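Here's the structure, in structure tokens; my notes come after.
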Amino acid sequence: GQSVAIFTSGGDSCGMNGALRASVRMAIYLGSQPYMIREGYQGMVEGGEHFVKAKWSSVSSIIHLGGTIIGSARCAEFMQREGRKKAAFNLVQRDINRLVVIGGDGSLTGANIFRQEWSGLLDELLAEGKITTQQREKYVDLHVVGVVGSIDNDFCGTDLTIGANTALHRITEAIDSIASTAYSHKRIFILEVMGRRCGFLAMITGIISEADYVFCPEAPPPMDWHDRLCEKLQKEGEGGQRLHIIIVAEGASDLNGEPITVEIVKKVILDKLKRESRITVLGHVQRGGATSAYDRILACRMGAEAVVAVLEATGNTTPVVVVLTNNQIERIPLMGAVERTQAANEALKSGDWAKAIALRGVF
Ligand code: F6P
């Protein structure tokens, strides 16, 4: 059978292990040899013991675990063509020309560049006498399938990325804990949540925690937000509300592109309302812990489909990314989705929020 390599790349997220498990087992079920590559692209470049032949039992008892058991790394070497050539050599040596990449848009972009260069890299390896003509012929195409693991839910073309649901649970648990202490002391809490350039986590947790105010990158507040925020807190306090939750997404800014941070919000409340508040930066707590039931099943579905897709691929197949659309697992062209994601990020940077929202189609 064919060999297929599976690896995780970029920031980890809960459910990556479930996707790995499903991919490995589907590969075995379909009669091919799965490899797991440790430490993402770094391991692919370094070779050696980073390539692990996987058995059915290699992925037992990991579906619930957060993070990624095979590690993930940012790899400067893979950004260079020389590094990618080393990676190509390491793959061909092990009869691998099929890859399942579990990662974010950066990792999937890297995979696509690799795929486009692949035959040229093999030509060079052949000229250097590192691979044989037979190997060059047999592995002339690199087949790549992406699975999106990210807590941010910032990838265009999928309703959800693997890990976002668990992160929502983590943030919700944290807010519930904070709410009980805030209630007791009639306090104002300002929470920073993750999401890089995407307000998904902030917006959803803001709604379900009855937050008083949410700041997120896609919807900068009116320039008089200082007054509006303080008036709201004042009014609701007078109405008997004992606790106040304000959620600030990392990456939030005002209409001029000036960052809105938890410290700035705290200062506004102190200056205008003369009220103390407390800040909690949830940080990486949001990215770890046990994987939610939803992310486990999403990971199973996506990981299994990715291997089916990569084993079906031929020289003419457009590389795909596995996504969730209306609760169905689908394959869509990888590069179209990556380009849309990057366009959405650019739109946010340039202040075209409506365009970013339209491209993402989330809110
Ligand atoms: O992309 C996932 C994420 O957790 C973002 O929400 C956050 O901005 C970033 O990664 C943090 O990166 P690091 O783990 O490298 O600090």
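Convention: chains lettered A, B, ... in structure tokens order; per-chain residue numbering from 1; ligands numbered from 1 as shown.
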Under the rule of at most 8 Å, produce a per-residue listing of chain A near ligand 1: chain, number, name, the closest pair of atoms, and the distance in Å, as a Markdown table, using only C-alpha atoms and all ligand atoms.
| residue | atom | partner | partner_atom_place_in_ligand_line | distance |
| --- | --- | --- | --- | --- |
| A:Gly10 | CA | ligand 1 | 1 (O) | 7.7 |
| A:Gly11 | CA | ligand 1 | 2 (C) | 5.3 |
| A:Asp12 | CA | ligand 1 | 2 (C) | 7.3 |
| A:Ser13 | CA | ligand 1 | 2 (C) | 7.6 |
| A:Gly104 | CA | ligand 1 | 1 (O) | 7.5 |
| A:Ser150 | CA | ligand 1 | 1 (O) | 5.8 |
| A:Ile151 | CA | ligand 1 | 2 (C) | 5.6 |
| A:Asp152 | CA | ligand 1 | 6 (O) | 5.4 |
| A:Val193 | CA | ligand 1 | 6 (O) | 7.9 |
| A:Met194 | CA | ligand 1 | 6 (O) | 4.1 |
| A:Gly195 | CA | ligand 1 | 6 (O) | 3.6 |
| A:Arg196 | CA | ligand 1 | 8 (O) | 3.6 |
| A:Arg197 | CA | ligand 1 | 8 (O) | 7.4 |
| A:Glu250 | CA | ligand 1 | 8 (O) | 7.0 |
| A:Gly283 | CA | ligand 1 | 4 (O) | 7.8 |
| A:His284 | CA | ligand 1 | 4 (O) | 6.7 |
| A:Gln286 | CA | ligand 1 | 4 (O) | 7.8 |
| A:Arg287 | CA | ligand 1 | 4 (O) | 6.3 |
* Extract, using only C-alpha atoms, all DNA, RNA and protein residues at most 12 Å from Ala182 in chain A, discarding same-chain residues fewer than 4 positions from it, and format them as a list in words. =>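 The residues satisfying every condition are Ile175, Asp176, Ser177, Ile178, Lys186, Arg187, Ile188, Phe189, Ile190, Gln241, Arg242, Leu243, His244, Ile245, Ile246, Glu276, Ser277, Arg278, Ile279 and Thr280 of chain A.
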* To do: For range 253-260 of chain A, please output as a PyMOL selection string all residues within 8 Å (counting only C-alpha atoms; exclusion window: fewer than 5 positions along the same chain).
  => chain A and resi 215-217+220-223+248+265+351
* Assign secondary structure with DSSP using the backbone only, and return the residues of range 74-270 of chain A in helix (DSSP H, G or I) as an MDAnalysis selection string. => chainID A and resid 77:79 81:93 105:127 133:138 164:185 200:208 225:238 262:270
* All residues 12 Å or closer to Gly163 in chain A, only C-alpha atoms, same chain fewer than 6 positions away omitted, as a PyMOL selection string -> chain A and resi 11-19+64-68+102-104+147-154+169-170+195+201+286-299
* Using only C-alpha atoms, which of A:Cys198, A:Ala22, A:Ile208, A:Ile329 sits nearest Leu348 in chain A? ->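 Closest candidate: A:Cys198.
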* Residue among A:Leu160, A:Ile6, A:Leu233, A:Val308 lying closest to Val323 in chain A, counting only C-alpha atoms ->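 Comparing A:Leu160, A:Ile6, A:Leu233, A:Val308 against Val323 in chain A, the winner is A:Leu160.
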* Counting only C-alpha atoms, figure out which residue out of A:Thr8, A:Ser32, A:Asn316, A:Gln234 gets nearest to Ala73 in chain A. => A:Thr8
* Asked: Restricting the calculation to only C-alpha atoms, which member of A:Trp118, A:Tyr35, A:Phe200, A:Tyr213 is positioned closest to Ala54 in chain A?
  ->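 Among A:Trp118, A:Tyr35, A:Phe200, A:Tyr213, it is A:Tyr35 that comes nearest to Ala54 in chain A.
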* Nearest to Ile332 in chain A by atom-to-atom distance, counting only C-alpha atoms, from A:Ala306, A:Ala344, A:Leu191, A:Ile62 -> A:Ala306
Taking only residues of range 112-173 of chain A that have an atom at most 10 Å from an atom of range 353-359 of chain A, what is each one's shortest atom pair and its distance in Å to one decimal, using only C-alpha atoms, in chain and number order, as a Markdown table?
| residue | atom | partner | partner_atom | distance |
| --- | --- | --- | --- | --- |
| A:Phe155 | CA | A:Leu359 | CA | 9.7 |
| A:Cys156 | CA | A:Leu359 | CA | 6.7 |
| A:Gly157 | CA | A:Leu359 | CA | 8.7 |
* Structure fact -> Students should find that CA of Asp159 in chain A and CA of Asn326 in chain A are spaced 7.4 Å
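Counting from CA of Tyr183 in chain A, the distance to CA of Thr166 in chain A is 25.5 Å.
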* Asked: Leaving out Met335 in chain A and any residue of its chain fewer than 6 positions from it, which residues lie within 10 Å of it when counting only C-alpha atoms, given as a list in words?
  ->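 Near Met335 in chain A, the qualifying residues are Asp105, Leu108, Thr109, Asn112, Thr318, Pro319, Val320, Val321 and Thr341 of chain A.
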* Leaving out Ser119 in chain A and any residue of its chain fewer than 5 positions from it, which residues lie within 10 Å of it when counting only C-alpha atoms, given as an NGL selection string? -> :A and (88 or 114 or 124-125 or 136-137 or 139-142)
For N, CA, C and O atoms, I'd like the residues from the last selection saved as a compact mmCIF listing (two decimals), in the first residue's frame.
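Saved the output as selection-v1.txt:
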# COMPACT_ATOMS: atom_id res chain seq x y z
N ALA A 88 11.89 17.03 1.55
CA ALA A 88 11.49 16.19 0.41
C ALA A 88 12.32 14.90 0.41
O ALA A 88 11.79 13.80 0.20
N PHE A 114 5.27 23.89 -0.71
CA PHE A 114 6.05 22.65 -0.79
C PHE A 114 5.56 21.79 -1.97
O PHE A 114 6.36 21.28 -2.76
N GLU A 124 16.32 18.26 -8.38
CA GLU A 124 17.61 18.63 -7.78
C GLU A 124 18.21 17.46 -7.00
O GLU A 124 19.40 17.19 -7.08
N LEU A 125 17.36 16.76 -6.26
CA LEU A 125 17.84 15.62 -5.47
C LEU A 125 18.37 14.52 -6.39
O LEU A 125 19.37 13.86 -6.08
N ARG A 136 12.19 9.27 -8.43
CA ARG A 136 11.74 10.52 -9.07
C ARG A 136 10.45 10.26 -9.85
O ARG A 136 9.52 11.08 -9.79
N GLU A 137 10.38 9.15 -10.54
CA GLU A 137 9.20 8.82 -11.33
C GLU A 137 8.01 8.47 -10.44
O GLU A 137 6.90 8.94 -10.63
N TYR A 139 7.38 9.09 -7.30
CA TYR A 139 6.84 10.08 -6.34
C TYR A 139 6.79 11.48 -6.94
O TYR A 139 6.99 12.48 -6.24
N VAL A 140 6.55 11.54 -8.24
CA VAL A 140 6.63 12.81 -8.96
C VAL A 140 5.67 13.88 -8.43
O VAL A 140 5.95 15.08 -8.54
N ASP A 141 4.55 13.46 -7.85
CA ASP A 141 3.61 14.44 -7.29
C ASP A 141 3.58 14.34 -5.77
O ASP A 141 3.67 13.25 -5.22
N LEU A 142 3.41 15.49 -5.14
CA LEU A 142 3.17 15.50 -3.69
C LEU A 142 1.67 15.77 -3.49
O LEU A 142 1.13 16.72 -4.04
* Nearest to Gly106 in chain A, chosen from A:Gly146, A:Leu126, A:Asp352, A:Glu210, with only C-alpha atoms counted in the distances -> A:Gly146
* To do: Find the spatial neighbours of Ser58 in chain A, counting only C-alpha atoms, within a cut-off of 9 Å - ignore same-chain residues fewer than 5 positions away - and output them as an MDAnalysis selection string.
  => chainID A and resid 21 24 53
So which bits of range 150-214 of chain A end up strand (DSSP E) when you DSSP the backbone, as a PDB file with all heavy atoms, in the first residue's frame?
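File part-v4.pdb, as written:
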ATOM      1  N   ILE A 188     -16.427  44.711  38.820  1.00  0.00           N
ATOM      2  CA  ILE A 188     -16.324  44.747  37.363  1.00  0.00           C
ATOM      3  C   ILE A 188     -15.104  43.912  36.970  1.00  0.00           C
ATOM      4  O   ILE A 188     -14.001  44.162  37.468  1.00  0.00           O
ATOM      5  CB  ILE A 188     -16.120  46.195  36.861  1.00  0.00           C
ATOM      6  CG1 ILE A 188     -17.285  47.087  37.307  1.00  0.00           C
ATOM      7  CG2 ILE A 188     -15.945  46.224  35.351  1.00  0.00           C
ATOM      8  CD1 ILE A 188     -17.033  48.579  37.080  1.00  0.00           C
ATOM      9  N   PHE A 189     -15.309  42.948  36.120  1.00  0.00           N
ATOM     10  CA  PHE A 189     -14.193  42.132  35.633  1.00  0.00           C
ATOM     11  C   PHE A 189     -13.966  42.370  34.144  1.00  0.00           C
ATOM     12  O   PHE A 189     -14.916  42.379  33.351  1.00  0.00           O
ATOM     13  CB  PHE A 189     -14.445  40.636  35.877  1.00  0.00           C
ATOM     14  CG  PHE A 189     -13.830  40.167  37.157  1.00  0.00           C
ATOM     15  CD1 PHE A 189     -14.508  40.304  38.355  1.00  0.00           C
ATOM     16  CD2 PHE A 189     -12.546  39.614  37.166  1.00  0.00           C
ATOM     17  CE1 PHE A 189     -13.934  39.899  39.548  1.00  0.00           C
ATOM     18  CE2 PHE A 189     -11.965  39.211  38.358  1.00  0.00           C
ATOM     19  CZ  PHE A 189     -12.649  39.346  39.550  1.00  0.00           C
ATOM     20  N   ILE A 190     -12.703  42.531  33.797  1.00  0.00           N
ATOM     21  CA  ILE A 190     -12.332  42.708  32.392  1.00  0.00           C
ATOM     22  C   ILE A 190     -11.502  41.491  32.010  1.00  0.00           C
ATOM     23  O   ILE A 190     -10.459  41.225  32.619  1.00  0.00           O
ATOM     24  CB  ILE A 190     -11.498  43.994  32.209  1.00  0.00           C
ATOM     25  CG1 ILE A 190     -12.212  45.182  32.868  1.00  0.00           C
ATOM     26  CG2 ILE A 190     -11.246  44.260  30.737  1.00  0.00           C
ATOM     27  CD1 ILE A 190     -11.304  46.386  33.077  1.00  0.00           C
ATOM     28  N   LEU A 191     -11.985  40.749  31.025  1.00  0.00           N
ATOM     29  CA  LEU A 191     -11.305  39.515  30.636  1.00  0.00           C
ATOM     30  C   LEU A 191     -10.717  39.642  29.247  1.00  0.00           C
ATOM     31  O   LEU A 191     -11.401  40.109  28.328  1.00  0.00           O
ATOM     32  CB  LEU A 191     -12.290  38.339  30.598  1.00  0.00           C
ATOM     33  CG  LEU A 191     -13.172  38.090  31.801  1.00  0.00           C
ATOM     34  CD1 LEU A 191     -13.981  36.833  31.587  1.00  0.00           C
ATOM     35  CD2 LEU A 191     -12.305  37.924  33.028  1.00  0.00           C
ATOM     36  N   GLU A 192      -9.491  39.193  29.110  1.00  0.00           N
ATOM     37  CA  GLU A 192      -8.919  39.132  27.765  1.00  0.00           C
ATOM     38  C   GLU A 192      -8.997  37.702  27.265  1.00  0.00           C
ATOM     39  O   GLU A 192      -8.547  36.777  27.942  1.00  0.00           O
ATOM     40  CB  GLU A 192      -7.455  39.586  27.780  1.00  0.00           C
ATOM     41  CG  GLU A 192      -6.856  39.592  26.372  1.00  0.00           C
ATOM     42  CD  GLU A 192      -5.359  39.851  26.370  1.00  0.00           C
ATOM     43  OE1 GLU A 192      -4.952  40.960  26.770  1.00  0.00           O
ATOM     44  OE2 GLU A 192      -4.613  38.936  25.975  1.00  0.00           O
ATOM     45  N   VAL A 193      -9.574  37.532  26.091  1.00  0.00           N
ATOM     46  CA  VAL A 193      -9.630  36.192  25.498  1.00  0.00           C
ATOM     47  C   VAL A 193      -8.797  36.157  24.223  1.00  0.00           C
ATOM     48  O   VAL A 193      -8.541  37.188  23.598  1.00  0.00           O
ATOM     49  CB  VAL A 193     -11.083  35.722  25.214  1.00  0.00           C
ATOM     50  CG1 VAL A 193     -11.925  35.752  26.470  1.00  0.00           C
ATOM     51  CG2 VAL A 193     -11.727  36.533  24.109  1.00  0.00           C
ATOM     52  N   TYR A 213     -20.185  44.173  27.791  1.00  0.00           N
ATOM     53  CA  TYR A 213     -19.545  44.789  26.640  1.00  0.00           C
ATOM     54  C   TYR A 213     -18.549  43.791  26.063  1.00  0.00           C
ATOM     55  O   TYR A 213     -17.881  43.071  26.811  1.00  0.00           O
ATOM     56  CB  TYR A 213     -18.790  46.046  27.083  1.00  0.00           C
ATOM     57  CG  TYR A 213     -19.124  47.267  26.265  1.00  0.00           C
ATOM     58  CD1 TYR A 213     -20.209  48.073  26.573  1.00  0.00           C
ATOM     59  CD2 TYR A 213     -18.328  47.622  25.170  1.00  0.00           C
ATOM     60  CE1 TYR A 213     -20.503  49.203  25.821  1.00  0.00           C
ATOM     61  CE2 TYR A 213     -18.614  48.759  24.412  1.00  0.00           C
ATOM     62  CZ  TYR A 213     -19.707  49.538  24.743  1.00  0.00           C
ATOM     63  OH  TYR A 213     -20.001  50.655  24.001  1.00  0.00           O
ATOM     64  N   VAL A 214     -18.463  43.743  24.745  1.00  0.00           N
ATOM     65  CA  VAL A 214     -17.471  42.890  24.079  1.00  0.00           C
ATOM     66  C   VAL A 214     -16.701  43.754  23.088  1.00  0.00           C
ATOM     67  O   VAL A 214     -17.314  44.480  22.300  1.00  0.00           O
ATOM     68  CB  VAL A 214     -18.150  41.724  23.310  1.00  0.00           C
ATOM     69  CG1 VAL A 214     -17.107  40.873  22.579  1.00  0.00           C
ATOM     70  CG2 VAL A 214     -18.973  40.848  24.247  1.00  0.00           C
TER      71      VAL A 214
END
